[in-house]
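Asks: One structure is given below, represented as structure tokens, and several questions about it will come after.
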Amino acid sequence: MGQSSDRVFFRTEIERLMDRLYGTALRLTRNRADAEDLVAETVMKAWAHFGQLADRRCFHKWLLRILVNTFVSNQRHLHADMFEALDPDDEACQFSLFEKMHQPFLLWWSNPEQELVSKMLREDIEAAIDAIPTAFRTVLVMVEINGQSYAEAAEALALPVGTVRSRLSRARCLLQKALWEQAREAGLTLERPAGTAHSNDKRTKVR
């Protein structure tokens with residue numbers, strides 16, 4: 001009876017989470033066939049170790065952790081140096097979408113980055129994520145998309161927490177830069193020649 005109820009719970013949750021599971025797999029692999037294989041392997045591993053899950057309320061996080069860990073493990077076998085420490089100079093990234101936008105505009109609108117990104121097509125954002133190198137994209141997917149902690153990502157990737165933070169910062173920078181380029185090509189940016197006055201460019205002194 002217990003095993004029967006386990007199967008019902010497991011099948012129900014897998015069906016509920018399948019879209020998110022596949023979407024995450026696709027972001028990681030950037031290939032539909034590989035994403036399907038990754039999901040299938042994840043589901044098999046999850047069922048095999050289902051008895052180890054202490055709190056079923058954490059099923060979705062546990063499942064996504066298995067998926068990411070499986071992806072990383074497979075990548076290590078294919079590319080031994082994929083997740084090794086990178087040259088510190090390669091991780092330096094000073095690009096800021098916020099700073100690229102005209103400053104007076106920033107004074108009069110809340111969360112300008114969100115205003116800009118909201119105009120981007122979902123496909124463009126996904127394409128920008130896909131373009132990020134695997135070592136950085138994996139951390140971005142784990143922390144920003146799946147909500148895993150730095151410690152969880154570090155454990156899965158066998159990296160120091162500081163390296164995870166650094167790679168996440170680099171990933172965010174690369175994503176911002178890609179979105180900025182796409183927005184500029186689509187005519188969505190608010191850049192204008194230096195020295196041009198802004199009608200609302202005035203500051204109020206706080207007494």
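We label chains A, B, ... in the order they appear in the structure tokens, count residues from 1 in each chain, and number ligands from 1 in the order shown.
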Could you pull out the residues in range 36-84 of chain A that DSSP calls helix (DSSP H, G or I) from the backbone, as a PyMOL selection string?
Replies: chain A and resi 36-48+50-52+56-78
Asks: Those selected residues, please, written with C-alpha atoms and delivered as a CSV table (one decimal), in the first residue's frame.
Replies:
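Result file part-v7.csv:
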chain,number,residue,atom,x,y,z
A,36,GLU,CA,14.9,14.9,-23.1
A,37,ASP,CA,17.7,12.4,-22.2
A,38,LEU,CA,18.6,14.5,-19.1
A,39,VAL,CA,15.0,14.6,-17.9
A,40,ALA,CA,14.6,10.9,-18.4
A,41,GLU,CA,17.8,10.1,-16.5
A,42,THR,CA,16.8,12.6,-13.7
A,43,VAL,CA,13.4,10.9,-13.3
A,44,MET,CA,15.0,7.4,-13.1
A,45,LYS,CA,17.5,8.6,-10.5
A,46,ALA,CA,14.8,10.4,-8.5
A,47,TRP,CA,12.6,7.3,-8.3
A,48,ALA,CA,15.6,5.1,-7.4
A,50,PHE,CA,12.9,8.4,-3.6
A,51,GLY,CA,13.1,6.7,-0.3
A,52,GLN,CA,15.9,9.1,0.8
A,56,ARG,CA,8.0,15.6,0.3
A,57,ARG,CA,7.3,19.3,0.4
A,58,CYS,CA,10.8,19.7,-0.9
A,59,PHE,CA,10.3,17.4,-3.8
A,60,HIS,CA,10.6,20.0,-6.5
A,61,LYS,CA,13.9,21.4,-5.2
A,62,TRP,CA,15.2,17.9,-4.7
A,63,LEU,CA,14.3,16.9,-8.2
A,64,LEU,CA,15.9,20.0,-9.8
A,65,ARG,CA,19.0,19.4,-7.7
A,66,ILE,CA,19.2,15.8,-9.1
A,67,LEU,CA,18.8,17.2,-12.7
A,68,VAL,CA,21.6,19.8,-12.3
A,69,ASN,CA,23.9,17.3,-10.6
A,70,THR,CA,23.3,14.8,-13.3
A,71,PHE,CA,24.1,17.4,-16.0
A,72,VAL,CA,27.3,18.5,-14.2
A,73,SER,CA,28.3,14.8,-13.8
A,74,ASN,CA,27.7,14.1,-17.5
A,75,GLN,CA,29.6,17.2,-18.5
A,76,ARG,CA,32.6,16.3,-16.4
A,77,HIS,CA,32.8,13.0,-18.2
A,78,LEU,CA,32.7,14.7,-21.6
Asks: Using only C-alpha atoms, can you tell me which of A:Val8, A:Leu21, A:Ala54, A:Ala156 comes closest to Val143 in chain A?
Replies: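 Counting only C-alpha atoms, the residue closest to Val143 in chain A is A:Ala156.
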Asks: Applying 7 Å and only C-alpha atoms, which residues near range 160-172 of chain A remain after dropping the ones on its own chain fewer than 2 positions away? List them as a list of chain:residue names.
Replies: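 Within the cut-off, the hits are A:Glu91, A:Cys93, A:Ile132, A:Phe136, A:Arg137, A:Val139, A:Leu140, A:Tyr150, A:Ala151, A:Ala154, A:Leu174, A:Leu175, A:Gln176.
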